[in-house]
>>> print(open('data_22.pdb').read())   # PDB, C-alpha atoms, pLDDT in the B column
ATOM      1  CA  MET A1290     -12.021 -30.720  -7.224  1.00 68.00           C
ATOM      2  CA  THR A1291      -8.870 -28.705  -6.680  1.00 84.00           C
ATOM      3  CA  ASP A1292      -6.920 -29.169  -3.449  1.00 94.00           C
ATOM      4  CA  CYS A1293      -4.434 -26.393  -2.716  1.00 97.00           C
ATOM      5  CA  LYS A1294      -3.207 -24.260   0.183  1.00 98.00           C
ATOM      6  CA  LEU A1295      -2.049 -20.768  -0.817  1.00 97.00           C
ATOM      7  CA  LEU A1296      -0.492 -18.118   1.366  1.00 97.00           C
ATOM      8  CA  ILE A1297      -0.315 -14.597  -0.060  1.00 97.00           C
ATOM      9  CA  ALA A1298       2.046 -12.147   1.627  1.00 95.00           C
ATOM     10  CA  GLY A1299       2.726  -8.481   1.063  1.00 93.00           C
ATOM     11  CA  LEU A1300       2.316  -5.020   2.497  1.00 90.00           C
ATOM     12  CA  GLY A1301      -0.809  -2.987   3.117  1.00 84.00           C
ATOM     13  CA  GLY A1302      -1.884  -1.249  -0.070  1.00 81.00           C
ATOM     14  CA  GLN A1303      -0.500  -3.901  -2.442  1.00 86.00           C
ATOM     15  CA  GLY A1304      -3.758  -5.745  -2.923  1.00 89.00           C
ATOM     16  CA  VAL A1305      -3.081  -8.921  -0.933  1.00 91.00           C
ATOM     17  CA  VAL A1306      -6.689  -9.110   0.238  1.00 91.00           C
ATOM     18  CA  PHE A1307      -8.018  -8.394  -3.261  1.00 93.00           C
ATOM     19  CA  LEU A1308      -5.809 -11.140  -4.692  1.00 96.00           C
ATOM     20  CA  SER A1309      -7.105 -13.645  -2.122  1.00 95.00           C
ATOM     21  CA  ARG A1310     -10.662 -12.658  -3.014  1.00 95.00           C
ATOM     22  CA  LEU A1311      -9.874 -13.033  -6.714  1.00 97.00           C
ATOM     23  CA  ILE A1312      -8.545 -16.560  -6.169  1.00 97.00           C
ATOM     24  CA  SER A1313     -11.597 -17.311  -4.013  1.00 97.00           C
ATOM     25  CA  GLN A1314     -13.851 -16.059  -6.814  1.00 97.00           C
ATOM     26  CA  ALA A1315     -12.047 -18.397  -9.226  1.00 97.00           C
ATOM     27  CA  ALA A1316     -12.674 -21.259  -6.780  1.00 97.00           C
ATOM     28  CA  LEU A1317     -16.342 -20.304  -6.602  1.00 97.00           C
ATOM     29  CA  LEU A1318     -16.612 -20.254 -10.405  1.00 97.00           C
ATOM     30  CA  ALA A1319     -14.875 -23.652 -10.576  1.00 97.00           C
ATOM     31  CA  GLY A1320     -17.321 -25.093  -8.063  1.00 96.00           C
ATOM     32  CA  ASP A1321     -14.569 -25.771  -5.526  1.00 97.00           C
ATOM     33  CA  ASP A1322     -14.943 -25.485  -1.764  1.00 96.00           C
ATOM     34  CA  PHE A1323     -12.660 -22.878  -0.208  1.00 96.00           C
ATOM     35  CA  ILE A1324     -11.996 -21.076   3.030  1.00 96.00           C
ATOM     36  CA  THR A1325      -9.934 -17.939   3.645  1.00 94.00           C
ATOM     37  CA  TYR A1326      -8.209 -16.071   6.448  1.00 91.00           C
ATOM     38  CA  GLU A1327      -6.691 -12.594   6.425  1.00 84.00           C
ATOM     39  CA  SER A1328      -4.151 -11.105   8.816  1.00 80.00           C
ATOM     40  CA  HIS A1329      -3.698  -7.375   8.492  1.00 65.00           C
ATOM     41  CA  GLY A1330      -0.744  -6.970  10.830  1.00 60.00           C
ATOM     42  CA  MET A1331      -0.576  -3.336  11.805  1.00 55.00           C
ATOM     43  CA  ALA A1332      -3.771  -2.694   9.799  1.00 52.00           C
ATOM     44  CA  MET A1333      -2.253   0.239   7.994  1.00 61.00           C
ATOM     45  CA  ARG A1334      -0.806   1.012   4.611  1.00 67.00           C
ATOM     46  CA  GLY A1335       2.679  -0.480   4.469  1.00 72.00           C
ATOM     47  CA  GLY A1336       2.219  -2.971   7.323  1.00 82.00           C
ATOM     48  CA  SER A1337       2.549  -6.735   6.818  1.00 87.00           C
ATOM     49  CA  VAL A1338      -0.528  -8.409   5.398  1.00 90.00           C
ATOM     50  CA  THR A1339      -1.087 -12.093   4.764  1.00 93.00           C
ATOM     51  CA  SER A1340      -4.047 -13.933   3.389  1.00 94.00           C
ATOM     52  CA  GLN A1341      -4.524 -17.665   3.392  1.00 95.00           C
ATOM     53  CA  VAL A1342      -6.724 -19.492   0.905  1.00 96.00           C
ATOM     54  CA  LYS A1343      -7.423 -23.183   1.260  1.00 97.00           C
ATOM     55  CA  ILE A1344      -9.156 -24.769  -1.688  1.00 97.00           C
ATOM     56  CA  GLY A1345     -10.720 -28.142  -1.002  1.00 96.00           C
ATOM     57  CA  ASN A1346     -12.499 -29.789   1.899  1.00 93.00           C
ATOM     58  CA  TYR A1347     -11.016 -28.045   4.944  1.00 93.00           C
ATOM     59  CA  ASN A1348     -12.484 -27.098   8.327  1.00 91.00           C
ATOM     60  CA  SER A1349      -9.936 -24.465   9.356  1.00 90.00           C
ATOM     61  CA  PRO A1350      -8.587 -21.602   7.260  1.00 88.00           C
ATOM     62  CA  LEU A1351      -5.172 -21.510   8.918  1.00 93.00           C
ATOM     63  CA  ILE A1352      -2.139 -22.822   7.099  1.00 94.00           C
ATOM     64  CA  GLY A1353       0.497 -24.256   9.410  1.00 94.00           C
ATOM     65  CA  HIS A1354       4.275 -24.242   9.087  1.00 95.00           C
ATOM     66  CA  ASP A1355       5.620 -26.372   6.235  1.00 97.00           C
ATOM     67  CA  SER A1356       2.187 -26.953   4.708  1.00 97.00           C
ATOM     68  CA  ALA A1357       1.442 -24.299   2.044  1.00 98.00           C
ATOM     69  CA  ASP A1358       1.497 -25.567  -1.519  1.00 97.00           C
ATOM     70  CA  ILE A1359       2.057 -22.086  -2.921  1.00 98.00           C
ATOM     71  CA  LEU A1360       3.522 -18.924  -1.406  1.00 98.00           C
ATOM     72  CA  LEU A1361       2.739 -15.780  -3.404  1.00 98.00           C
ATOM     73  CA  VAL A1362       4.839 -12.817  -2.238  1.00 97.00           C
ATOM     74  CA  LEU A1363       3.958  -9.314  -3.419  1.00 96.00           C
ATOM     75  CA  ALA A1364       6.677  -7.584  -1.359  1.00 94.00           C
ATOM     76  CA  GLU A1365      10.107  -9.185  -1.559  1.00 91.00           C
ATOM     77  CA  GLY A1366      10.860  -8.508   2.117  1.00 91.00           C
ATOM     78  CA  GLU A1367       7.869 -10.611   3.124  1.00 94.00           C
ATOM     79  CA  TYR A1368       9.479 -13.738   1.661  1.00 95.00           C
ATOM     80  CA  GLU A1369      11.812 -14.229   4.646  1.00 94.00           C
ATOM     81  CA  ARG A1370       8.984 -13.566   7.083  1.00 94.00           C
ATOM     82  CA  ASN A1371       6.711 -16.196   5.498  1.00 96.00           C
ATOM     83  CA  ARG A1372       8.876 -18.815   3.819  1.00 95.00           C
ATOM     84  CA  HIS A1373       8.511 -21.196   6.774  1.00 96.00           C
ATOM     85  CA  PHE A1374       4.927 -21.811   5.632  1.00 97.00           C
ATOM     86  CA  ILE A1375       5.911 -23.435   2.332  1.00 97.00           C
ATOM     87  CA  ARG A1376       6.026 -27.224   2.338  1.00 97.00           C
ATOM     88  CA  SER A1377       8.900 -29.200   0.908  1.00 96.00           C
ATOM     89  CA  GLY A1378       8.285 -29.312  -2.833  1.00 95.00           C
ATOM     90  CA  GLY A1379       5.932 -26.323  -2.676  1.00 96.00           C
ATOM     91  CA  THR A1380       6.180 -23.333  -5.009  1.00 96.00           C
ATOM     92  CA  CYS A1381       7.260 -19.804  -4.043  1.00 97.00           C
ATOM     93  CA  LEU A1382       6.550 -16.997  -6.496  1.00 97.00           C
ATOM     94  CA  VAL A1383       7.997 -13.604  -5.570  1.00 97.00           C
ATOM     95  CA  ASN A1384       7.584 -10.069  -6.884  1.00 96.00           C
ATOM     96  CA  SER A1385      11.247  -9.053  -7.042  1.00 95.00           C
ATOM     97  CA  ASN A1386      13.619  -7.285  -9.402  1.00 91.00           C
ATOM     98  CA  GLN A1387      16.649  -9.082  -7.975  1.00 91.00           C
ATOM     99  CA  LEU A1388      17.680 -12.617  -7.113  1.00 90.00           C
ATOM    100  CA  VAL A1389      16.271 -14.061  -3.907  1.00 89.00           C
ATOM    101  CA  ALA A1390      18.487 -16.555  -2.074  1.00 86.00           C
ATOM    102  CA  GLY A1391      17.241 -20.102  -2.486  1.00 86.00           C
ATOM    103  CA  LEU A1392      14.752 -19.391  -5.266  1.00 91.00           C
ATOM    104  CA  PRO A1393      15.225 -20.072  -8.969  1.00 92.00           C
ATOM    105  CA  GLN A1394      15.005 -17.041 -11.244  1.00 91.00           C
ATOM    106  CA  LYS A1395      11.951 -18.539 -12.967  1.00 92.00           C
ATOM    107  CA  ASN A1396      10.031 -17.956  -9.708  1.00 94.00           C
ATOM    108  CA  LEU A1397      10.753 -14.203  -9.665  1.00 95.00           C
ATOM    109  CA  LEU A1398       9.007 -11.416 -11.539  1.00 96.00           C
ATOM    110  CA  SER A1399       9.416  -7.670 -11.183  1.00 95.00           C
ATOM    111  CA  ALA A1400       5.659  -7.123 -11.247  1.00 96.00           C
ATOM    112  CA  THR A1401       5.960  -3.688  -9.642  1.00 95.00           C
ATOM    113  CA  ALA A1402       8.228  -2.359 -12.405  1.00 96.00           C
ATOM    114  CA  ILE A1403       6.060  -3.960 -15.085  1.00 96.00           C
ATOM    115  CA  ALA A1404       2.865  -2.461 -13.653  1.00 96.00           C
ATOM    116  CA  VAL A1405       4.430   0.999 -13.311  1.00 96.00           C
ATOM    117  CA  ASN A1406       5.939   0.879 -16.818  1.00 96.00           C
ATOM    118  CA  ASN A1407       2.499   0.054 -18.217  1.00 95.00           C
ATOM    119  CA  GLY A1408       0.744   2.885 -16.382  1.00 95.00           C
ATOM    120  CA  LEU A1409      -0.964   0.547 -13.902  1.00 93.00           C
ATOM    121  CA  PRO A1410       0.849   1.214 -10.586  1.00 93.00           C
ATOM    122  CA  LYS A1411      -2.156   0.089  -8.526  1.00 92.00           C
ATOM    123  CA  ALA A1412      -2.418  -3.230 -10.359  1.00 95.00           C
ATOM    124  CA  VAL A1413       0.795  -4.960  -9.254  1.00 95.00           C
ATOM    125  CA  ASN A1414      -1.260  -7.776  -7.736  1.00 96.00           C
ATOM    126  CA  LEU A1415      -3.069  -8.390 -11.030  1.00 97.00           C
ATOM    127  CA  VAL A1416       0.120  -8.308 -13.112  1.00 97.00           C
ATOM    128  CA  PHE A1417       1.612 -10.756 -10.623  1.00 97.00           C
ATOM    129  CA  SER A1418      -1.440 -13.048 -10.670  1.00 97.00           C
ATOM    130  CA  GLY A1419      -1.544 -13.088 -14.483  1.00 97.00           C
ATOM    131  CA  TRP A1420       2.047 -14.307 -14.409  1.00 97.00           C
ATOM    132  CA  ALA A1421       1.407 -16.736 -11.530  1.00 97.00           C
ATOM    133  CA  ALA A1422      -1.524 -18.313 -13.386  1.00 96.00           C
ATOM    134  CA  GLN A1423       0.963 -19.526 -16.008  1.00 94.00           C
ATOM    135  CA  HIS A1424       2.803 -21.680 -13.458  1.00 94.00           C
ATOM    136  CA  GLN A1425       1.914 -25.343 -13.277  1.00 92.00           C
ATOM    137  CA  ALA A1426       1.414 -25.243  -9.495  1.00 94.00           C
ATOM    138  CA  PHE A1427      -1.166 -22.429  -9.644  1.00 96.00           C
ATOM    139  CA  PRO A1428      -4.612 -23.937  -9.016  1.00 96.00           C
ATOM    140  CA  TYR A1429      -6.559 -22.116 -11.744  1.00 97.00           C
ATOM    141  CA  SER A1430      -6.074 -21.328 -15.409  1.00 96.00           C
ATOM    142  CA  PHE A1431      -5.481 -17.847 -16.723  1.00 97.00           C
ATOM    143  CA  GLU A1432      -8.896 -18.001 -18.398  1.00 97.00           C
ATOM    144  CA  LEU A1433     -10.636 -18.759 -15.099  1.00 98.00           C
ATOM    145  CA  MET A1434      -8.772 -15.867 -13.470  1.00 97.00           C
ATOM    146  CA  GLN A1435     -10.121 -13.634 -16.269  1.00 98.00           C
ATOM    147  CA  GLU A1436     -13.645 -14.842 -15.494  1.00 98.00           C
ATOM    148  CA  ALA A1437     -13.071 -14.058 -11.820  1.00 98.00           C
ATOM    149  CA  VAL A1438     -11.925 -10.519 -12.689  1.00 98.00           C
ATOM    150  CA  ARG A1439     -15.069 -10.015 -14.767  1.00 97.00           C
ATOM    151  CA  ALA A1440     -17.295 -11.335 -11.956  1.00 97.00           C
ATOM    152  CA  MET A1441     -15.715  -8.983  -9.400  1.00 96.00           C
ATOM    153  CA  ALA A1442     -15.584  -5.824 -11.510  1.00 93.00           C
ATOM    154  CA  VAL A1443     -17.550  -2.918 -10.052  1.00 92.00           C
ATOM    155  CA  SER A1444     -17.491  -0.921 -13.287  1.00 95.00           C
ATOM    156  CA  PRO A1445     -16.601  -1.432 -16.958  1.00 96.00           C
ATOM    157  CA  ALA A1446     -13.538   0.826 -16.594  1.00 94.00           C
ATOM    158  CA  ILE A1447     -12.179  -1.187 -13.667  1.00 93.00           C
ATOM    159  CA  GLU A1448     -12.894  -4.452 -15.467  1.00 96.00           C
ATOM    160  CA  THR A1449     -10.966  -3.245 -18.526  1.00 96.00           C
ATOM    161  CA  ALA A1450      -7.978  -2.055 -16.464  1.00 95.00           C
ATOM    162  CA  ASN A1451      -7.883  -5.236 -14.373  1.00 96.00           C
ATOM    163  CA  LEU A1452      -8.089  -7.507 -17.419  1.00 97.00           C
ATOM    164  CA  LYS A1453      -5.311  -5.478 -19.067  1.00 97.00           C
ATOM    165  CA  ALA A1454      -3.072  -5.900 -15.991  1.00 97.00           C
ATOM    166  CA  LEU A1455      -3.776  -9.634 -15.868  1.00 97.00           C
ATOM    167  CA  GLU A1456      -2.919  -9.953 -19.568  1.00 97.00           C
ATOM    168  CA  ILE A1457       0.310  -7.952 -19.158  1.00 97.00           C
ATOM    169  CA  GLY A1458       1.435 -10.340 -16.417  1.00 96.00           C
ATOM    170  CA  ARG A1459       0.568 -13.338 -18.540  1.00 95.00           C
ATOM    171  CA  HIS A1460       3.001 -12.273 -21.253  1.00 91.00           C
ATOM    172  CA  HIS A1461       6.000 -11.521 -19.035  1.00 85.00           C
ATOM    173  CA  LYS A1462       8.781 -13.918 -18.302  1.00 71.00           C
ATOM    174  CA  SER A1463      10.502 -14.160 -14.948  1.00 64.00           C
ATOM    175  CA  SER A1464      13.056 -11.566 -13.855  1.00 56.00           C
TER     176      SER A1464
END
>>> encode(input="data_22.pdb", output="structure tokens")
Amino acid sequence: MTDCKLLIAGLGGQGVVFLSRLISQAALLAGDDFITYESHGMAMRGGSVTSQVKIGNYNSPLIGHDSADILLVLAEGEYERNRHFIRSGGTCLVNSNQLVAGLPQKNLLSATAIAVNNGLPKAVNLVFSGWAAQHQAFPYSFELMQEAVRAMAVSPAIETANLKALEIGRHHKSS
């Protein structure tokens, strides 16, 4: 069984909630216990949104300060707001086209630019997660994330687009 605490941060409209549900679907497919919590901030497009996913045997969905194993940041500005959640030795992966103080370049990817350049501007979260799934700290394999995309697809067209975005992220190197 996997044991991992993930915090996903971004802005409304970036797919933070979808990404947490995708990771939860992967946990379900893997047979892992999980629990989630979403905070929608201002509950509007562009407002801060966080989602917490705990995979393993937990009773509470909340991730405390200095305890997240992985921090996934879809909006670079949300890194500063949420970095206090990451534990010492944890992994921060950030969607950014520039250096972020304190993070190695290998932990940065310009997923927004990649998604836009590939005609998938609404799939930044999937490009990012395809890339994140290649990191050792990420709890699930790229192949399991593909299965999760297939399980969640509401139509063949959406499944195809989402799998394409995931694959594009998989083949990109850090910024």
>>> closest_residue(input="data_22.pdb", among="A:Pro1428, A:Gly1366, A:Gly1299, A:Gly1458", to="Asp1321 in chain A", atoms="all atoms listed in the file")
A:Pro1428
>>> atom_distance(input="data_22.pdb", atom1="CA of Ala1319 in chain A", atom2="CA of Val1305 in chain A")
21.2 Å
>>> atom_distance(input="data_22.pdb", atom1="CA of Ala1412 in chain A", atom2="CA of Asn1451 in chain A")
7.1 Å
>>> closest_residue(input="data_22.pdb", among="A:Asn1406, A:Asn1414, A:Gln1435, A:Asn1396", to="Lys1462 in chain A", atoms="all atoms listed in the file")
A:Asn1396
>>> atom_distance(input="data_22.pdb", atom1="CA of Gln1314 in chain A", atom2="CA of Val1342 in chain A")
11.1 Å
>>> closest_residue(input="data_22.pdb", among="A:Pro1410, A:Ile1297, A:Asp1292, A:Thr1401", to="Tyr1347 in chain A", atoms="only C-alpha atoms")
A:Asp1292
>>> closest_residue(input="data_22.pdb", among="A:Ala1442, A:Ala1450, A:Leu1296, A:Leu1382", to="Ser1356 in chain A", atoms="only C-alpha atoms")
A:Leu1296
>>> resolve_selection(input="data_22.pdb", expression="the PyMOL selection byres ((chain A and resi 1301) around 6)", output="list in words")
Leu1300, Gly1302, Gln1303, Arg1334, Gly1335, Gly1336 and Val1338 of chain A
>>> residues_around(input="data_22.pdb", residues="range 1415-1426 of chain A", least_positions_apart="4", cutoff="6 Å", atoms="only C-alpha atoms", output="VMD selection string")
chain A and resid 1400 1430 to 1431 1454 to 1455 1458 to 1459
>>> residues_around(input="data_22.pdb", residues="Ser1399 in chain A", least_positions_apart="3", cutoff="6 Å", atoms="all atoms listed in the file", output="ChimeraX atom specification")
/A:1384-1386,1402,1464
>>> closest_residue(input="data_22.pdb", among="A:Ser1340, A:His1460, A:Gly1345, A:Gly1353", to="Phe1307 in chain A", atoms="all atoms listed in the file")
A:Ser1340
>>> resolve_selection(input="data_22.pdb", expression="the PyMOL selection byres ((chain A and resi 1440) around 12)", output="count of residues only")
24
>>> closest_residue(input="data_22.pdb", among="A:Leu1295, A:Ala1316, A:Ile1375, A:Val1383", to="Asp1355 in chain A", atoms="all atoms listed in the file")
A:Ile1375
>>> residues_around(input="data_22.pdb", residues="Ile1352 in chain A", least_positions_apart="6", cutoff="8 Å", atoms="only C-alpha atoms", output="list of chain:residue names")
A:Lys1294, A:Leu1296, A:Gln1341, A:Lys1343, A:Phe1374
>>> axis_aligned_box(input="data_22.pdb", around="range 1384-1397 of chain A", padding_each_side="3 Å", output="lines of an AutoDock Vina configuration file")
center_x = 13.0
center_y = -13.7
center_z = -7.5
size_x = 16.9
size_y = 18.8
size_z = 16.9
>>> build_atoms(input="data_22.pdb", residues="range 1418-1450 of chain A", atoms="N, CA and C atoms", output="short mmCIF file (atom, residue, chain, number, x, y, z; two decimals), in the frame of the given file")
data_model
loop_
_atom_site.label_atom_id
_atom_site.label_comp_id
_atom_site.auth_asym_id
_atom_site.auth_seq_id
_atom_site.Cartn_x
_atom_site.Cartn_y
_atom_site.Cartn_z
N SER A 1418 -0.57 -11.87 -10.59
CA SER A 1418 -1.44 -13.05 -10.67
C SER A 1418 -1.59 -13.55 -12.10
N GLY A 1419 -1.53 -12.64 -13.10
CA GLY A 1419 -1.54 -13.09 -14.48
C GLY A 1419 -0.34 -13.94 -14.81
N TRP A 1420 0.81 -13.53 -14.26
CA TRP A 1420 2.05 -14.31 -14.41
C TRP A 1420 1.96 -15.62 -13.62
N ALA A 1421 1.48 -15.55 -12.39
CA ALA A 1421 1.41 -16.74 -11.53
C ALA A 1421 0.49 -17.80 -12.14
N ALA A 1422 -0.57 -17.36 -12.80
CA ALA A 1422 -1.52 -18.31 -13.39
C ALA A 1422 -0.90 -19.15 -14.50
N GLN A 1423 0.27 -18.76 -14.97
CA GLN A 1423 0.96 -19.53 -16.01
C GLN A 1423 1.81 -20.65 -15.42
N HIS A 1424 2.00 -20.64 -14.12
CA HIS A 1424 2.80 -21.68 -13.46
C HIS A 1424 1.97 -22.93 -13.23
N GLN A 1425 2.60 -24.06 -13.40
CA GLN A 1425 1.91 -25.34 -13.28
C GLN A 1425 1.29 -25.53 -11.90
N ALA A 1426 1.91 -25.04 -10.85
CA ALA A 1426 1.41 -25.24 -9.49
C ALA A 1426 0.17 -24.40 -9.18
N PHE A 1427 -0.04 -23.31 -9.93
CA PHE A 1427 -1.17 -22.43 -9.64
C PHE A 1427 -2.47 -23.20 -9.87
N PRO A 1428 -3.44 -23.07 -8.95
CA PRO A 1428 -4.61 -23.94 -9.02
C PRO A 1428 -5.60 -23.65 -10.15
N TYR A 1429 -5.56 -22.45 -10.73
CA TYR A 1429 -6.56 -22.12 -11.74
C TYR A 1429 -5.91 -21.55 -13.00
N SER A 1430 -6.57 -21.79 -14.11
CA SER A 1430 -6.07 -21.33 -15.41
C SER A 1430 -6.18 -19.81 -15.52
N PHE A 1431 -5.42 -19.28 -16.43
CA PHE A 1431 -5.48 -17.85 -16.72
C PHE A 1431 -6.91 -17.46 -17.13
N GLU A 1432 -7.55 -18.29 -17.93
CA GLU A 1432 -8.90 -18.00 -18.40
C GLU A 1432 -9.90 -17.93 -17.24
N LEU A 1433 -9.75 -18.81 -16.25
CA LEU A 1433 -10.64 -18.76 -15.10
C LEU A 1433 -10.36 -17.51 -14.26
N MET A 1434 -9.10 -17.11 -14.19
CA MET A 1434 -8.77 -15.87 -13.47
C MET A 1434 -9.40 -14.67 -14.19
N GLN A 1435 -9.44 -14.69 -15.52
CA GLN A 1435 -10.12 -13.63 -16.27
C GLN A 1435 -11.61 -13.60 -15.92
N GLU A 1436 -12.23 -14.77 -15.87
CA GLU A 1436 -13.64 -14.84 -15.49
C GLU A 1436 -13.87 -14.27 -14.09
N ALA A 1437 -12.96 -14.57 -13.19
CA ALA A 1437 -13.07 -14.06 -11.82
C ALA A 1437 -12.97 -12.54 -11.80
N VAL A 1438 -12.05 -11.98 -12.60
CA VAL A 1438 -11.92 -10.52 -12.69
C VAL A 1438 -13.24 -9.93 -13.19
N ARG A 1439 -13.80 -10.52 -14.22
CA ARG A 1439 -15.07 -10.02 -14.77
C ARG A 1439 -16.19 -10.07 -13.72
N ALA A 1440 -16.25 -11.16 -12.97
CA ALA A 1440 -17.30 -11.34 -11.96
C ALA A 1440 -17.16 -10.33 -10.81
N MET A 1441 -15.94 -9.89 -10.53
CA MET A 1441 -15.72 -8.98 -9.40
C MET A 1441 -15.72 -7.51 -9.79
N ALA A 1442 -15.70 -7.21 -11.06
CA ALA A 1442 -15.58 -5.82 -11.51
C ALA A 1442 -16.78 -5.00 -11.04
N VAL A 1443 -16.49 -3.81 -10.52
CA VAL A 1443 -17.55 -2.92 -10.05
C VAL A 1443 -17.94 -1.89 -11.11
N SER A 1444 -17.16 -1.82 -12.18
CA SER A 1444 -17.49 -0.92 -13.29
C SER A 1444 -16.78 -1.41 -14.55
N PRO A 1445 -17.27 -1.03 -15.71
CA PRO A 1445 -16.60 -1.43 -16.96
C PRO A 1445 -15.16 -0.93 -17.04
N ALA A 1446 -14.90 0.27 -16.54
CA ALA A 1446 -13.54 0.83 -16.59
C ALA A 1446 -12.58 0.01 -15.73
N ILE A 1447 -13.03 -0.38 -14.55
CA ILE A 1447 -12.18 -1.19 -13.67
C ILE A 1447 -11.98 -2.58 -14.26
N GLU A 1448 -13.02 -3.14 -14.83
CA GLU A 1448 -12.89 -4.45 -15.47
C GLU A 1448 -11.85 -4.40 -16.58
N THR A 1449 -11.91 -3.39 -17.42
CA THR A 1449 -10.97 -3.24 -18.53
C THR A 1449 -9.53 -3.11 -18.02
N ALA A 1450 -9.33 -2.26 -17.02
CA ALA A 1450 -7.98 -2.06 -16.46
C ALA A 1450 -7.46 -3.33 -15.81
#
